[in-house]
$ cat upload_19.cif   # mmCIF, C-alpha atoms
data_protein
#
loop_
_atom_site.label_atom_id
_atom_site.label_comp_id
_atom_site.auth_asym_id
_atom_site.auth_seq_id
_atom_site.Cartn_x
_atom_site.Cartn_y
_atom_site.Cartn_z
CA MET B 1 154.53 168.58 44.81
CA ASN B 2 158.03 167.46 45.75
CA ALA B 3 160.12 167.93 48.84
CA ALA B 4 163.12 170.17 48.96
CA ALA B 5 165.41 170.83 51.88
CA THR B 6 166.08 174.49 52.33
CA ALA B 7 168.22 175.73 55.16
CA HIS B 8 166.72 178.40 57.34
CA PRO B 9 168.98 181.14 58.58
CA PRO B 10 170.37 179.64 61.81
CA ARG B 11 169.25 181.13 65.07
CA PRO B 12 171.86 183.58 66.39
CA ALA B 13 173.37 181.03 68.76
CA ALA B 14 176.13 183.34 69.89
CA ALA B 15 173.64 186.01 70.97
CA ALA B 16 171.53 183.39 72.74
CA ARG B 17 174.53 182.04 74.63
CA GLN B 18 175.59 185.55 75.59
CA GLN B 19 172.12 186.33 76.89
CA MET B 20 172.06 183.08 78.86
CA ARG B 21 175.46 183.83 80.39
CA ALA B 22 174.25 187.30 81.36
CA GLN B 23 171.17 185.82 83.03
CA VAL B 24 173.23 183.25 84.92
CA ALA B 25 175.70 185.93 86.01
CA PHE B 26 172.83 188.11 87.24
CA VAL B 27 171.34 185.26 89.28
CA LEU B 28 174.74 184.42 90.79
CA TYR B 29 175.25 188.10 91.60
CA LEU B 30 171.91 188.25 93.43
CA LEU B 31 172.64 185.04 95.34
CA ALA B 32 176.11 186.26 96.35
CA ALA B 33 174.70 189.64 97.40
CA ALA B 34 171.96 188.02 99.48
CA ALA B 35 174.46 185.63 101.11
CA GLY B 36 176.91 188.45 101.83
CA ILE B 37 174.24 190.58 103.51
CA THR B 38 172.71 187.70 105.48
CA LEU B 39 175.90 186.04 106.74
CA PRO B 40 176.92 188.82 109.19
CA LEU B 41 173.41 188.74 110.66
CA VAL B 42 173.34 185.00 111.35
CA GLY B 43 177.05 184.23 111.76
CA GLY B 44 179.41 184.74 114.64
CA PRO B 45 182.15 187.33 115.13
CA LEU B 46 184.43 185.52 112.66
CA ALA B 47 181.78 185.76 109.92
CA VAL B 48 181.28 189.45 110.70
CA ASP B 49 185.01 190.12 110.46
CA LEU B 50 185.44 188.15 107.23
CA MET B 51 182.50 189.78 105.49
CA LEU B 52 183.61 193.27 106.49
CA ARG B 53 187.13 192.66 105.22
CA THR B 54 185.90 191.01 102.05
CA GLY B 55 183.46 193.82 101.32
CA SER B 56 186.14 196.45 101.96
CA VAL B 57 188.62 194.77 99.61
CA ILE B 58 185.97 194.40 96.89
CA ILE B 59 185.07 198.10 97.14
CA LEU B 60 188.76 199.04 96.96
CA ALA B 61 189.37 196.70 94.03
CA ILE B 62 186.44 198.06 92.02
CA SER B 63 187.54 201.61 92.80
CA TRP B 64 191.11 200.96 91.63
CA ASN B 65 189.89 199.09 88.55
CA LEU B 66 187.69 202.01 87.49
CA ALA B 67 190.75 204.25 87.34
CA ALA B 68 192.82 201.54 85.63
CA ASN B 69 190.15 201.22 82.94
CA ALA B 70 191.07 204.76 81.90
CA GLY B 71 194.80 204.01 81.97
CA LEU B 72 195.31 205.66 85.38
CA ILE B 73 197.38 203.27 87.51
CA SER B 74 197.29 204.44 91.11
CA LEU B 75 200.02 203.60 93.61
CA GLY B 76 198.49 205.78 96.29
CA HIS B 77 194.94 204.54 96.78
CA SER B 78 195.55 204.68 100.51
CA THR B 79 195.20 208.46 100.03
CA PHE B 80 191.46 208.16 99.60
CA TRP B 81 191.10 205.43 102.22
CA GLY B 82 192.88 207.58 104.82
CA LEU B 83 190.98 210.74 103.92
CA GLY B 84 187.65 208.92 104.20
CA SER B 85 188.65 207.41 107.55
CA TYR B 86 189.79 210.70 109.05
CA THR B 87 186.76 212.58 107.73
CA ALA B 88 184.27 210.11 109.19
CA LEU B 89 186.12 209.97 112.53
CA LEU B 90 186.54 213.74 112.96
CA ILE B 91 182.96 214.51 111.94
CA ALA B 92 181.63 211.87 114.32
CA ASN B 93 183.74 213.09 117.24
CA ARG B 94 183.25 216.83 116.72
CA LEU B 95 179.71 217.02 115.35
CA GLY B 96 178.26 213.83 116.76
CA LEU B 97 177.07 212.58 113.40
CA PRO B 98 175.95 208.93 113.36
CA PHE B 99 177.37 206.12 111.26
CA VAL B 100 175.43 206.45 108.00
CA THR B 101 175.45 210.27 107.93
CA SER B 102 179.22 210.45 108.36
CA LEU B 103 179.75 208.39 105.20
CA ILE B 104 178.41 211.17 102.96
CA PRO B 105 181.19 213.72 103.69
CA ALA B 106 183.72 210.87 103.74
CA ALA B 107 182.87 209.93 100.15
CA ALA B 108 182.62 213.61 99.15
CA ILE B 109 186.15 214.44 100.33
CA GLY B 110 187.53 211.53 98.32
CA ALA B 111 185.72 212.69 95.20
CA LEU B 112 186.95 216.25 95.73
CA VAL B 113 190.58 215.21 96.18
CA GLY B 114 190.31 212.86 93.21
CA SER B 115 189.10 215.71 91.04
CA GLY B 116 191.93 217.94 92.22
CA LEU B 117 194.45 215.19 91.58
CA ALA B 118 193.15 214.83 88.02
CA VAL B 119 193.59 218.54 87.37
CA ILE B 120 197.06 218.77 88.93
CA THR B 121 198.37 215.68 87.13
CA GLY B 122 196.62 216.47 83.86
CA ARG B 123 199.84 216.19 81.86
CA LEU B 124 201.23 213.11 83.62
CA ARG B 125 200.92 209.66 82.06
CA GLY B 126 201.87 206.13 82.99
CA ILE B 127 204.51 205.70 85.66
CA TYR B 128 204.71 209.47 86.26
CA PHE B 129 201.05 209.57 87.29
CA ALA B 130 201.53 206.48 89.45
CA VAL B 131 204.48 208.04 91.29
CA ALA B 132 202.48 211.24 91.81
CA THR B 133 199.70 209.29 93.56
CA LEU B 134 202.26 207.54 95.76
CA ALA B 135 203.83 210.88 96.68
CA LEU B 136 200.41 212.29 97.57
CA SER B 137 199.69 209.41 99.92
CA GLU B 138 203.03 209.73 101.69
CA GLY B 139 202.67 213.52 101.86
CA LEU B 140 199.27 213.27 103.53
CA ARG B 141 200.66 210.76 106.02
CA VAL B 142 203.40 213.20 107.03
CA VAL B 143 200.92 216.08 107.25
CA SER B 144 198.62 214.06 109.50
CA VAL B 145 201.55 213.35 111.82
CA MET B 146 202.39 217.05 111.99
CA LEU B 147 198.84 218.09 112.96
CA PRO B 148 198.32 216.44 116.36
CA ASP B 149 195.62 218.92 117.39
CA LEU B 150 193.48 217.80 114.46
CA THR B 151 194.43 214.19 113.77
CA GLY B 152 195.97 213.16 117.07
CA GLY B 153 199.38 212.87 115.42
CA SER B 154 201.28 209.65 115.79
CA ALA B 155 199.29 208.84 118.95
CA GLY B 156 196.12 208.51 116.90
CA LEU B 157 192.45 209.02 117.73
CA TYR B 158 189.60 206.87 119.00
CA ILE B 159 186.12 207.28 117.65
CA ASP B 160 183.35 208.20 120.08
CA GLN B 161 182.29 204.84 121.53
CA ALA B 162 178.80 206.10 122.28
CA LEU B 163 178.17 206.57 118.55
CA ARG B 164 179.58 203.24 117.35
CA PRO B 165 176.97 200.84 115.96
CA ALA B 166 177.06 197.09 116.40
CA PRO B 167 179.78 195.36 114.35
CA ARG B 168 177.09 193.36 112.53
CA LEU B 169 175.52 196.56 111.27
CA VAL B 170 178.87 197.83 109.99
CA ALA B 171 179.54 194.52 108.23
CA VAL B 172 176.10 194.55 106.60
CA ALA B 173 176.62 198.14 105.48
CA THR B 174 180.00 197.21 104.00
CA THR B 175 178.47 194.34 102.04
CA MET B 176 175.61 196.52 100.80
CA CYS B 177 178.08 199.18 99.66
CA ALA B 178 180.11 196.51 97.85
CA VAL B 179 176.94 195.35 96.07
CA MET B 180 176.02 198.91 95.08
CA THR B 181 179.57 199.65 93.93
CA ALA B 182 179.51 196.60 91.67
CA LEU B 183 176.14 197.71 90.34
CA VAL B 184 177.50 201.18 89.56
CA ALA B 185 180.44 199.66 87.69
CA HIS B 186 178.05 197.45 85.73
CA LEU B 187 175.83 200.36 84.76
CA LEU B 188 178.83 202.45 83.72
CA SER B 189 180.03 199.61 81.47
CA ARG B 190 176.90 200.11 79.34
CA THR B 191 177.42 203.85 78.81
CA PRO B 192 179.64 205.91 76.48
CA PHE B 193 181.68 206.75 79.60
CA HIS B 194 183.10 203.21 79.59
CA TYR B 195 184.12 203.33 75.94
CA ALA B 196 185.70 206.76 76.36
CA CYS B 197 187.79 205.39 79.23
CA ARG B 198 188.86 202.43 77.08
CA ALA B 199 189.88 204.80 74.30
CA MET B 200 191.96 206.83 76.77
CA ARG B 201 193.61 203.68 78.08
CA ASN B 202 194.61 202.55 74.59
CA ASN B 203 195.81 205.94 73.35
CA GLU B 204 194.85 209.17 75.06
CA HIS B 205 196.02 211.37 72.20
CA ALA B 206 194.15 209.32 69.61
CA SER B 207 191.00 209.40 71.75
CA GLN B 208 190.83 213.17 71.26
CA MET B 209 190.23 212.56 67.56
CA LEU B 210 187.07 210.68 68.59
CA GLY B 211 185.78 213.69 70.51
CA VAL B 212 186.95 212.58 73.95
CA ASN B 213 188.09 215.32 76.30
CA PRO B 214 190.79 213.54 78.36
CA LEU B 215 190.85 216.04 81.21
CA ARG B 216 187.08 215.94 81.66
CA PHE B 217 187.04 212.15 81.81
CA ARG B 218 190.11 212.03 84.06
CA ILE B 219 188.32 214.29 86.52
CA ALA B 220 185.17 212.17 86.37
CA VAL B 221 186.87 208.80 86.76
CA LEU B 222 189.21 209.89 89.57
CA ALA B 223 186.37 211.60 91.41
CA LEU B 224 184.34 208.39 91.19
CA SER B 225 187.28 206.17 92.11
CA GLY B 226 188.37 208.41 94.98
CA GLY B 227 184.85 208.74 96.36
CA ILE B 228 184.32 204.98 96.40
CA ALA B 229 187.68 204.30 98.09
CA SER B 230 187.01 207.01 100.70
CA LEU B 231 183.61 205.45 101.37
CA ALA B 232 185.35 202.16 102.19
CA GLY B 233 187.73 203.95 104.56
CA GLY B 234 184.87 205.79 106.23
CA ILE B 235 183.02 202.53 106.88
CA ASN B 236 186.10 200.73 108.17
CA ILE B 237 186.86 203.28 110.89
CA TRP B 238 183.49 202.57 112.50
CA TYR B 239 184.52 198.94 112.83
CA THR B 240 188.10 199.36 114.05
CA GLY B 241 187.41 202.42 116.21
CA PHE B 242 191.01 203.69 116.13
CA LEU B 243 193.06 205.56 113.53
CA ASP B 244 196.58 206.92 113.25
CA PRO B 245 198.56 208.12 110.20
CA ASP B 246 200.32 204.79 109.68
CA ILE B 247 197.01 202.95 109.64
CA GLY B 248 195.13 205.47 107.54
CA PHE B 249 197.75 205.90 104.83
CA ASP B 250 199.24 202.43 105.00
CA LEU B 251 200.79 201.20 101.75
CA HIS B 252 199.15 197.84 102.46
CA ILE B 253 195.81 199.40 101.52
CA THR B 254 197.15 200.35 98.10
CA ILE B 255 198.51 196.84 97.61
CA LEU B 256 195.15 195.30 98.46
CA ALA B 257 193.43 197.64 95.99
CA GLN B 258 195.74 196.41 93.22
CA ILE B 259 195.86 192.72 94.09
CA GLY B 260 192.11 192.22 93.72
CA PRO B 261 191.81 193.32 90.06
CA ILE B 262 195.15 191.75 89.05
CA LEU B 263 194.34 188.39 90.63
CA GLY B 264 190.71 188.34 89.51
CA GLY B 265 191.07 189.95 86.09
CA ILE B 266 191.90 193.58 85.41
CA HIS B 267 189.67 195.69 83.14
CA SER B 268 186.67 193.41 83.75
CA LEU B 269 183.52 193.66 85.85
CA ALA B 270 183.73 190.33 87.66
CA GLY B 271 187.51 190.39 88.07
CA PRO B 272 187.74 192.76 91.07
CA ILE B 273 184.93 190.90 92.85
CA ILE B 274 186.48 187.46 92.30
CA GLY B 275 189.94 188.78 93.10
CA GLY B 276 188.75 190.51 96.25
CA MET B 277 187.21 187.31 97.60
CA ALA B 278 190.25 185.27 96.57
CA THR B 279 192.53 187.75 98.32
CA ILE B 280 190.81 187.23 101.67
CA VAL B 281 190.59 183.45 101.25
CA ILE B 282 194.27 183.06 100.37
CA SER B 283 195.46 185.36 103.15
CA GLU B 284 193.31 183.60 105.76
CA LEU B 285 194.30 180.08 104.70
CA SER B 286 197.99 180.93 104.61
CA ARG B 287 197.76 182.61 108.01
CA ILE B 288 195.93 179.64 109.56
CA TRP B 289 198.18 176.97 108.11
CA LEU B 290 201.49 178.71 108.70
CA GLY B 291 200.65 180.71 111.80
CA GLU B 292 203.42 183.26 111.61
CA GLN B 293 202.56 186.41 109.70
CA GLY B 294 205.86 186.59 107.83
CA TYR B 295 205.45 183.15 106.30
CA SER B 296 201.81 183.75 105.42
CA LEU B 297 202.68 186.95 103.58
CA LEU B 298 205.48 185.15 101.76
CA VAL B 299 203.15 182.39 100.57
CA TYR B 300 200.56 184.98 99.64
CA GLY B 301 203.10 186.84 97.50
CA VAL B 302 204.29 183.64 95.82
CA ILE B 303 200.72 182.67 94.93
CA LEU B 304 200.15 186.11 93.46
CA VAL B 305 203.33 185.98 91.36
CA VAL B 306 202.52 182.48 90.09
CA SER B 307 198.99 183.59 89.24
CA ILE B 308 200.30 186.54 87.23
CA MET B 309 202.76 184.32 85.38
CA PHE B 310 200.32 181.59 84.44
CA MET B 311 197.05 183.56 84.49
CA PRO B 312 197.88 186.97 82.99
CA HIS B 313 194.19 187.66 82.47
CA GLY B 314 193.30 186.71 86.04
CA ILE B 315 190.96 184.08 87.37
CA TYR B 316 187.96 185.42 85.49
CA GLY B 317 189.83 185.72 82.20
CA SER B 318 191.19 182.18 82.52
CA LEU B 319 187.71 180.79 83.16
CA ARG B 320 186.38 182.58 80.09
CA ARG B 321 189.18 181.20 77.94
CA LEU B 322 188.49 177.67 79.15
CA ALA B 323 184.80 178.10 78.38
CA ALA B 324 185.61 179.38 74.88
CA ARG B 325 187.75 176.31 74.14
CA ARG B 326 185.00 173.88 75.10
CA PRO B 327 183.59 172.18 71.96
CA ARG B 328 180.04 173.12 71.15
CA ARG B 329 177.36 170.88 69.71
CA PRO B 330 176.46 171.57 66.07
CA VAL B 331 173.19 173.39 65.46
CA PRO B 332 170.78 171.11 63.48
CA VAL B 333 169.58 172.43 60.13
CA ARG B 334 165.81 172.46 59.87
CA ALA B 335 164.07 171.57 56.61
CA ARG B 336 160.56 172.20 55.35
CA GLU B 337 158.55 171.26 52.30
CA VAL B 338 157.88 173.86 49.65
CA ALA B 339 155.63 173.72 46.66
CA SER B 340 157.38 173.21 43.36
#

$ encode --input "upload_19.cif" --output "structure tokens"
Amino acid sequence: MNAAATAHPPRPAAAARQQMRAQVAFVLYLLAAAAGITLPLVGGPLAVDLMLRTGSVIILAISWNLAANAGLISLGHSTFWGLGSYTALLIANRLGLPFVTSLIPAAAIGALVGSGLAVITGRLRGIYFAVATLALSEGLRVVSVMLPDLTGGSAGLYIDQALRPAPRLVAVATTMCAVMTALVAHLLSRTPFHYACRAMRNNEHASQMLGVNPLRFRIAVLALSGGIASLAGGINIWYTGFLDPDIGFDLHITILAQIGPILGGIHSLAGPIIGGMATIVISELSRIWLGEQGYSLLVYGVILVVSIMFMPHGIYGSLRRLAARRPRRPVPVRAREVAS
């Protein structure tokens, strides 16, 4: 009998680390979701306002990122926000539907318009598709101004005050919708739908050789993206209580939808969430420190440009790269005795 050192196949350390990171991310997601839902209930009006705005930006960012994952860069996401806002307001005022019920047709109209946009722009790619979405948003703004009997025109409309819920309830609903939207994006990332969208983003013509029907997936992804963005607009109108064409189809909404994924990390799951929260934090801090809105927007834009220059993969991508560069401890080789 003599001793011999034989190396066992090492444990798949990479798979173990990936599983641990997934578990940590899941726990952090649950803690953030619980905190986001609880804060409007226990906090003051400022907490309610911040959580509603943060939840709305996160929903918009995830919605925009879903379309961007398929190579569809939208410059007119305010289209869906405005449609959802007007649908919820008009249905509430004319039919007396309560808060939660009005959100169903609001999301449905966004999904319907998104599907129609996918069919109409089926042959448009890149910047041509982006310009088409921008033109749609501006066109709907003009139409809403020209229909005062329906939309109130430039004078706008107020929602029925008797139907409005407490602001805390609206903020909690916004946070819950943000949590569910993130969950939907996570579940989609584990399906063939996600990989088909990635193939379309890389090369739509080549993706057809893999059996991907571009039009079918364009319809699906724009319907999903439009429905989610319209849901956010439908919720927001119950908080603000007033809507006019300039508010509903404001280009600022489109900018917010893009800033979140770009700042946090485009084409990722955590990026729109991190970017959405960072967007609100940066805008609030700059507004508080500088006071005047013009200066705060200027600082906000400078921070965004600097972030794009030095963090092209966003906050989430930069954190992942730093974690990958961290030296890891060597895995010890186990030995055992074997009979000669």

$ residues_near_point --input "upload_19.cif" --point "(199.5, 203.6, 94.4)" --cutoff "6 Å" --atoms "all atoms listed in the file" --output "PDB file with C-alpha atoms, keeping the file's coordinate frame"
ATOM      1  CA  SER B  74     197.290 204.440  91.110  1.00  0.00           C
ATOM      2  CA  LEU B  75     200.020 203.600  93.610  1.00  0.00           C
ATOM      3  CA  GLY B  76     198.490 205.780  96.290  1.00  0.00           C
ATOM      4  CA  HIS B  77     194.940 204.540  96.780  1.00  0.00           C
ATOM      5  CA  THR B 133     199.700 209.290  93.560  1.00  0.00           C
ATOM      6  CA  LEU B 134     202.260 207.540  95.760  1.00  0.00           C
ATOM      7  CA  THR B 254     197.150 200.350  98.100  1.00  0.00           C
TER       8      THR B 254
END

$ atom_distance --input "upload_19.cif" --atom1 "CA of Leu163 (chain B)" --atom2 "CA of Arg53 (chain B)"
21.2 Å

$ atom_distance --input "upload_19.cif" --atom1 "CA of Arg218 (chain B)" --atom2 "CA of Met200 (chain B)"
9.1 Å

$ closest_residue --input "upload_19.cif" --among "B:Ile273, B:Leu251, B:Ala229, B:Met209" --to "Tyr316 (chain B)" --atoms "all atoms listed in the file"
B:Ile273

$ resolve_selection --input "upload_19.cif" --expression "the PyMOL selection byres ((chain B and resi 58) around 7)" --output "mmCIF file with C-alpha atoms, in the frame of the given file"
data_model
loop_
_atom_site.group_PDB
_atom_site.id
_atom_site.type_symbol
_atom_site.label_atom_id
_atom_site.label_comp_id
_atom_site.auth_asym_id
_atom_site.auth_seq_id
_atom_site.Cartn_x
_atom_site.Cartn_y
_atom_site.Cartn_z
ATOM 1 C CA THR B 54 185.900 191.010 102.050
ATOM 2 C CA GLY B 55 183.460 193.820 101.320
ATOM 3 C CA SER B 56 186.140 196.450 101.960
ATOM 4 C CA VAL B 57 188.620 194.770 99.610
ATOM 5 C CA ILE B 59 185.070 198.100 97.140
ATOM 6 C CA LEU B 60 188.760 199.040 96.960
ATOM 7 C CA ALA B 61 189.370 196.700 94.030
ATOM 8 C CA ILE B 62 186.440 198.060 92.020
ATOM 9 C CA ALA B 178 180.110 196.510 97.850
ATOM 10 C CA PRO B 272 187.740 192.760 91.070
ATOM 11 C CA ILE B 273 184.930 190.900 92.850
ATOM 12 C CA GLY B 276 188.750 190.510 96.250
#

$ residues_around --input "upload_19.cif" --residues "region 166-175 of chain B" --least-positions-apart "4" --cutoff "9 Å" --atoms "only C-alpha atoms" --output "list of chain:residue names"
B:Ala33, B:Gly36, B:Ile37, B:Thr38, B:Leu39, B:Pro40, B:Leu41, B:Pro45, B:Val48, B:Asp49, B:Leu50, B:Met51, B:Leu52, B:Arg53, B:Thr54, B:Gly55, B:Ser56, B:Ile59, B:Phe99, B:Val100, B:Val179, B:Met180, B:Ala232, B:Ile235, B:Asn236, B:Trp238, B:Tyr239

$ resolve_selection --input "upload_19.cif" --expression "the PyMOL selection byres ((chain B and resi 153) around 10)" --output "PyMOL selection string"
chain B and resi 141-152+154-157+243-246

$ resolve_selection --input "upload_19.cif" --expression "the PyMOL selection byres ((chain B and resi 210) around 12)" --output "list in words"
Pro192, Tyr195, Ala196, Cys197, Arg198, Ala199, Met200, Asn203, Glu204, His205, Ala206, Ser207, Gln208, Met209, Gly211, Val212, Asn213 and Pro214 of chain B

$ atom_distance --input "upload_19.cif" --atom1 "CA of Ser63 (chain B)" --atom2 "CA of Gly226 (chain B)"
7.2 Å

$ decode --input "upload_19.cif" --residues "region 269-281 of chain B" --atoms "N, CA and C atoms" --output "mmCIF file, in the first residue's frame"
data_model
loop_
_atom_site.group_PDB
_atom_site.id
_atom_site.type_symbol
_atom_site.label_atom_id
_atom_site.label_comp_id
_atom_site.auth_asym_id
_atom_site.auth_seq_id
_atom_site.Cartn_x
_atom_site.Cartn_y
_atom_site.Cartn_z
ATOM 1 N N LEU B 269 -30.821 43.047 -17.514
ATOM 2 C CA LEU B 269 -32.014 43.016 -16.678
ATOM 3 C C LEU B 269 -31.951 44.062 -15.569
ATOM 4 N N ALA B 270 -30.802 44.139 -14.905
ATOM 5 C CA ALA B 270 -30.677 45.061 -13.778
ATOM 6 C C ALA B 270 -30.438 46.496 -14.226
ATOM 7 N N GLY B 271 -29.933 46.689 -15.446
ATOM 8 C CA GLY B 271 -29.588 48.024 -15.906
ATOM 9 C C GLY B 271 -30.725 49.029 -15.845
ATOM 10 N N PRO B 272 -31.902 48.736 -16.430
ATOM 11 C CA PRO B 272 -33.002 49.712 -16.360
ATOM 12 C C PRO B 272 -33.446 50.019 -14.935
ATOM 13 N N ILE B 273 -33.377 49.042 -14.042
ATOM 14 C CA ILE B 273 -33.779 49.280 -12.653
ATOM 15 C C ILE B 273 -32.782 50.202 -11.966
ATOM 16 N N ILE B 274 -31.487 49.882 -12.095
ATOM 17 C CA ILE B 274 -30.453 50.723 -11.492
ATOM 18 C C ILE B 274 -30.466 52.116 -12.121
ATOM 19 N N GLY B 275 -30.581 52.167 -13.446
ATOM 20 C CA GLY B 275 -30.604 53.454 -14.120
ATOM 21 C C GLY B 275 -31.818 54.281 -13.767
ATOM 22 N N GLY B 276 -32.970 53.635 -13.602
ATOM 23 C CA GLY B 276 -34.172 54.366 -13.215
ATOM 24 C C GLY B 276 -34.032 55.011 -11.849
ATOM 25 N N MET B 277 -33.484 54.265 -10.892
ATOM 26 C CA MET B 277 -33.278 54.830 -9.553
ATOM 27 C C MET B 277 -32.226 55.925 -9.583
ATOM 28 N N ALA B 278 -31.151 55.706 -10.349
ATOM 29 C CA ALA B 278 -30.105 56.722 -10.441
ATOM 30 C C ALA B 278 -30.623 57.994 -11.096
ATOM 31 N N THR B 279 -31.518 57.847 -12.058
ATOM 32 C CA THR B 279 -32.091 59.014 -12.728
ATOM 33 C C THR B 279 -32.809 59.926 -11.746
ATOM 34 N N ILE B 280 -33.630 59.342 -10.881
ATOM 35 C CA ILE B 280 -34.370 60.140 -9.909
ATOM 36 C C ILE B 280 -33.432 60.747 -8.881
ATOM 37 N N VAL B 281 -32.461 59.974 -8.413
ATOM 38 C CA VAL B 281 -31.525 60.478 -7.404
ATOM 39 C C VAL B 281 -30.734 61.657 -7.943
#
